[in-house]
Amino acid sequence: MKELAGRLTALDPDAGAAVRVIAYFDRLAESRAGLESLVRGAAVLAGVPARLVDAERRVSVRVEADGQRSDSALPPDPAWPSAALTPDGVPALWLERAEAGPSVVDAVILERAAGAVRLVLDRTRGRAPADDPALVETLLDATAPDTARLHAARRLGLDPAVPARVLAPLDGRPRIVATHADSEPPAERVGVGPAVAVLDLPDSWAAARTALRFTAEGTTQDPGPRVVHADDLGGIALLAGLVGPGAEPPSDVQTLETAAAASPWLLATLNAVASTASLRAAATAINVHHSTLQERLVQAEHLLGWPVRTPQGRFRLQLALTMRHLARP
């Protein structure tokens with residue numbers, strides 16, 4: 001093959017380079033090289049970064065032209081030379097060539113690398129649905145054997161060497177996301193667990209469910225964040241163990257509910273005061289004049305029976321609003 005490449009190079013440099021590319025990826029395939037090695041080969045041969053993104057199997061690998069792995073959360077540029085992993089499939093392997101012109105060598109690199117990547121993925125990741133409930137249940141079951149959970153992770157397209165986190169939406173169906181995966185910010189109410197090793201995902205699932213209890217609908221009658229990260233709760237998460245869902249609400253929460261029933265604007269106003277840095281910022285958040293906010297707060301303090309414009313009163317208000325979320329059934 002080397003002799004053939006040399007002869008072809010003398011006649012046509014592109015043809016000689018293409019033969020060398022074919023031989024290179026044949027050797028990688030014979031040695032059962034992994035995904036990163038294949039992407040690295042494409043990057044080094046092309047002289048530009050190469051990127052593999054298979055959303056279905058949650059694979060994302062990017063390697064610089066010097067062979068160093070450097071993953072990126074930015075989406076690939078559609079103008080880059082690319083190849084699909086299956087006939088009529090969507091692009092999954094890119095060469096990050098900014099000014100891409102027709103290139104025989106690039107085409108051969110992409111074709112051979114994509115073919116080798118497809119074989120590795122089919123051999124190691126299969127075609128299990130990314131949200132297969134049985135596999136997800138096994139992976140999040142702390143009592144299941146580690147071997148069974150690692151097998152489930154691989155079938156779900158998760159790399160055991162890459163941390164992942166669990167999302168807990170309101171419908172109760174867990175979603176697992178690798179930390180390097182590109183994903184849209186959740187639009188629904190959801191608790192987000194911390195990023196952990198694959199075998200520690202049951203802990204992330206438990207934390208995500210706790211975080212979900214701190215979320216709100218984001219409306220005037222249920223103001224608050226629709227997405228809460230467990231990492232951001234800190235010691236506040238301890239409140240979840242003190243205020244059970246559906247239990248009798250603490251007295252400050254009962255007072256808050258009674259006051260809200262008398263004044264429809266109250267919850268949104270108090271949430272703005274509790275979650276912004278100043279009263280002017282709170283007024284801006286709910287689109288009222290600063291003087292109007294002051295008038296509302298005078299009435300709110302009368303209904304609640306405690307001040308909300310002092311540090312201690314504001315802290316009490318924050319606790320009451322938080323416990324209101326936790327007390328919901």
# chains A, B, ... in the order shown; residues from 1 in each chain; ligands from 1
>>> closest_atom_pairs(of="region 31-60 of chain A", to="region 81-94 of chain A", cutoff="10 Å", atoms="only C-alpha atoms", output="tab-separated table")
residue	atom	partner	partner_atom	distance
A:Val39	CA	A:Leu93	CA	8.4
A:Ala42	CA	A:Trp94	CA	9.2
A:Ala43	CA	A:Trp94	CA	9.4
A:Val48	CA	A:Trp94	CA	9.9
A:Pro49	CA	A:Trp94	CA	8.4
A:Ala50	CA	A:Trp94	CA	5.6
A:Arg51	CA	A:Trp94	CA	5.2
A:Leu52	CA	A:Leu93	CA	4.5
A:Val53	CA	A:Ala92	CA	5.1
A:Asp54	CA	A:Ala92	CA	5.8
A:Ala55	CA	A:Ala92	CA	8.5
A:Val59	CA	A:Ala92	CA	9.8
A:Ser60	CA	A:Ala92	CA	9.4
>>> residues_around(residues="region 30-37 of chain A", least_positions_apart="6", cutoff="10 Å", atoms="only C-alpha atoms", output="list in words")
Ala43, Arg51, Leu52, Val59, Ser60, Val61, Arg62, Val63, Gly67, Gln68, Arg69, Ala113, Ala116, Val117, Arg118, Leu119, Val120, Leu121 and Thr124 of chain A
>>> write_last_selection(atoms="N, CA, C and O atoms", output="short mmCIF file (atom, residue, chain, number, x, y, z; two decimals), in the first residue's frame")
data_model
loop_
_atom_site.label_atom_id
_atom_site.label_comp_id
_atom_site.auth_asym_id
_atom_site.auth_seq_id
_atom_site.Cartn_x
_atom_site.Cartn_y
_atom_site.Cartn_z
N ALA A 43 -8.56 14.52 12.52
CA ALA A 43 -8.07 15.87 12.76
C ALA A 43 -6.61 16.03 12.31
O ALA A 43 -6.25 17.01 11.64
N ARG A 51 -14.67 16.86 14.68
CA ARG A 51 -15.69 16.73 15.72
C ARG A 51 -16.68 15.64 15.37
O ARG A 51 -17.16 15.56 14.24
N LEU A 52 -17.01 14.82 16.37
CA LEU A 52 -18.03 13.78 16.23
C LEU A 52 -19.15 14.08 17.19
O LEU A 52 -18.92 14.27 18.39
N VAL A 59 -23.02 10.95 22.11
CA VAL A 59 -21.58 10.94 21.94
C VAL A 59 -21.14 12.29 21.40
O VAL A 59 -21.72 12.81 20.44
N SER A 60 -20.14 12.88 22.02
CA SER A 60 -19.59 14.15 21.54
C SER A 60 -18.09 14.15 21.80
O SER A 60 -17.65 14.11 22.94
N VAL A 61 -17.31 14.17 20.71
CA VAL A 61 -15.85 14.15 20.81
C VAL A 61 -15.29 15.19 19.85
O VAL A 61 -15.67 15.23 18.68
N ARG A 62 -14.41 16.03 20.34
CA ARG A 62 -13.74 17.02 19.48
C ARG A 62 -12.24 16.97 19.75
O ARG A 62 -11.82 16.98 20.92
N VAL A 63 -11.45 16.93 18.68
CA VAL A 63 -9.99 16.85 18.81
C VAL A 63 -9.36 17.92 17.93
O VAL A 63 -9.77 18.12 16.78
N GLY A 67 -3.88 16.92 17.86
CA GLY A 67 -4.18 15.65 18.51
C GLY A 67 -4.71 15.77 19.93
O GLY A 67 -5.04 14.76 20.55
N GLN A 68 -4.83 17.00 20.45
CA GLN A 68 -5.33 17.19 21.81
C GLN A 68 -6.85 17.25 21.81
O GLN A 68 -7.45 17.95 20.99
N ARG A 69 -7.47 16.51 22.73
CA ARG A 69 -8.92 16.55 22.83
C ARG A 69 -9.35 17.89 23.43
O ARG A 69 -8.78 18.35 24.43
N ALA A 113 -13.30 7.70 8.10
CA ALA A 113 -13.46 7.88 9.54
C ALA A 113 -14.90 7.59 9.98
O ALA A 113 -15.13 6.93 11.00
N ALA A 116 -15.51 3.86 10.12
CA ALA A 116 -14.89 3.24 11.29
C ALA A 116 -15.63 3.61 12.57
O ALA A 116 -15.82 2.76 13.46
N VAL A 117 -16.07 4.86 12.67
CA VAL A 117 -16.83 5.31 13.85
C VAL A 117 -18.14 4.53 13.95
O VAL A 117 -18.55 4.10 15.04
N ARG A 118 -18.82 4.35 12.83
CA ARG A 118 -20.10 3.62 12.84
C ARG A 118 -19.91 2.21 13.38
O ARG A 118 -20.71 1.72 14.18
N LEU A 119 -18.85 1.54 12.97
CA LEU A 119 -18.60 0.18 13.44
C LEU A 119 -18.36 0.16 14.95
O LEU A 119 -18.86 -0.73 15.65
N VAL A 120 -17.60 1.14 15.45
CA VAL A 120 -17.34 1.19 16.88
C VAL A 120 -18.62 1.45 17.66
O VAL A 120 -18.90 0.79 18.67
N LEU A 121 -19.42 2.40 17.18
CA LEU A 121 -20.66 2.71 17.90
C LEU A 121 -21.64 1.54 17.88
O LEU A 121 -22.27 1.24 18.90
N THR A 124 -20.26 -0.99 20.40
CA THR A 124 -20.19 -0.64 21.82
C THR A 124 -21.43 0.02 22.38
O THR A 124 -21.71 -0.07 23.57
#
>>> residues_around(residues="Asp222 (chain A)", least_positions_apart="4", cutoff="8 Å", atoms="only C-alpha atoms", output="PyMOL selection string")
chain A and resi 216-218+267-268
>>> closest_residue(among="A:Ala144, A:Ala152, A:Ala161, A:Leu139", to="Ser204 (chain A)", atoms="only C-alpha atoms")
A:Leu139
>>> closest_residue(among="A:Phe315, A:Trp265, A:Phe25, A:Phe214", to="Leu45 (chain A)", atoms="only C-alpha atoms")
A:Phe25
>>> select_by_dssp(residues="region 128-314 of chain A", states="strand (DSSP E)", output="list in words")
Ala164, Arg165, Val166, Leu167, Ala168, Pro169, Arg175, Ile176, Val177, Ala178, Val190, Gly191, Val192, Val227, Val228 and His229 of chain A
>>> atom_distance(atom1="CA of Gly115 (chain A)", atom2="CA of Arg57 (chain A)")
16.1 Å
>>> atom_distance(atom1="CA of Pro311 (chain A)", atom2="CA of Gly244 (chain A)")
26.9 Å
>>> residues_around(residues="Arg328 (chain A)", least_positions_apart="3", cutoff="9 Å", atoms="only C-alpha atoms", output="PyMOL selection string")
chain A and resi 213+244-247+249+323-325
>>> residues_around(residues="Val21 (chain A)", least_positions_apart="2", cutoff="12 Å", atoms="only C-alpha atoms", output="ChimeraX atom specification")
/A:1-2,5,14-19,23-28,38,41-46,104-113
>>> residues_around(residues="His229 (chain A)", least_positions_apart="2", cutoff="9 Å", atoms="only C-alpha atoms", output="list in words")
Val190, Gly191, Val192, Gly193, Pro194, Ala207, Ala208, Ala211, Leu212, Val227, Asp231, Asp232 and Leu233 of chain A
>>> closest_residue(among="A:Thr138, A:Thr322, A:Ser251, A:Gln221", to="Ala274 (chain A)", atoms="only C-alpha atoms")
A:Thr322
>>> residues_around(residues="Arg173 (chain A)", least_positions_apart="4", cutoff="10 Å", atoms="only C-alpha atoms", output="NGL selection string")
:A and (131 or 133 or 136-137 or 167-169)
>>> atom_distance(atom1="CA of Leu170 (chain A)", atom2="CA of Ile236 (chain A)")
20.4 Å
>>> closest_residue(among="A:Ala262, A:Thr269, A:Pro75, A:Arg314", to="Gln294 (chain A)", atoms="only C-alpha atoms")
A:Thr269
>>> closest_residue(among="A:Thr310, A:Thr219, A:Ser103, A:Thr143", to="Ser278 (chain A)", atoms="only C-alpha atoms")
A:Thr310
>>> closest_residue(among="A:Ala73, A:Leu303, A:Ala148, A:Arg189", to="Glu257 (chain A)", atoms="only C-alpha atoms")
A:Leu303
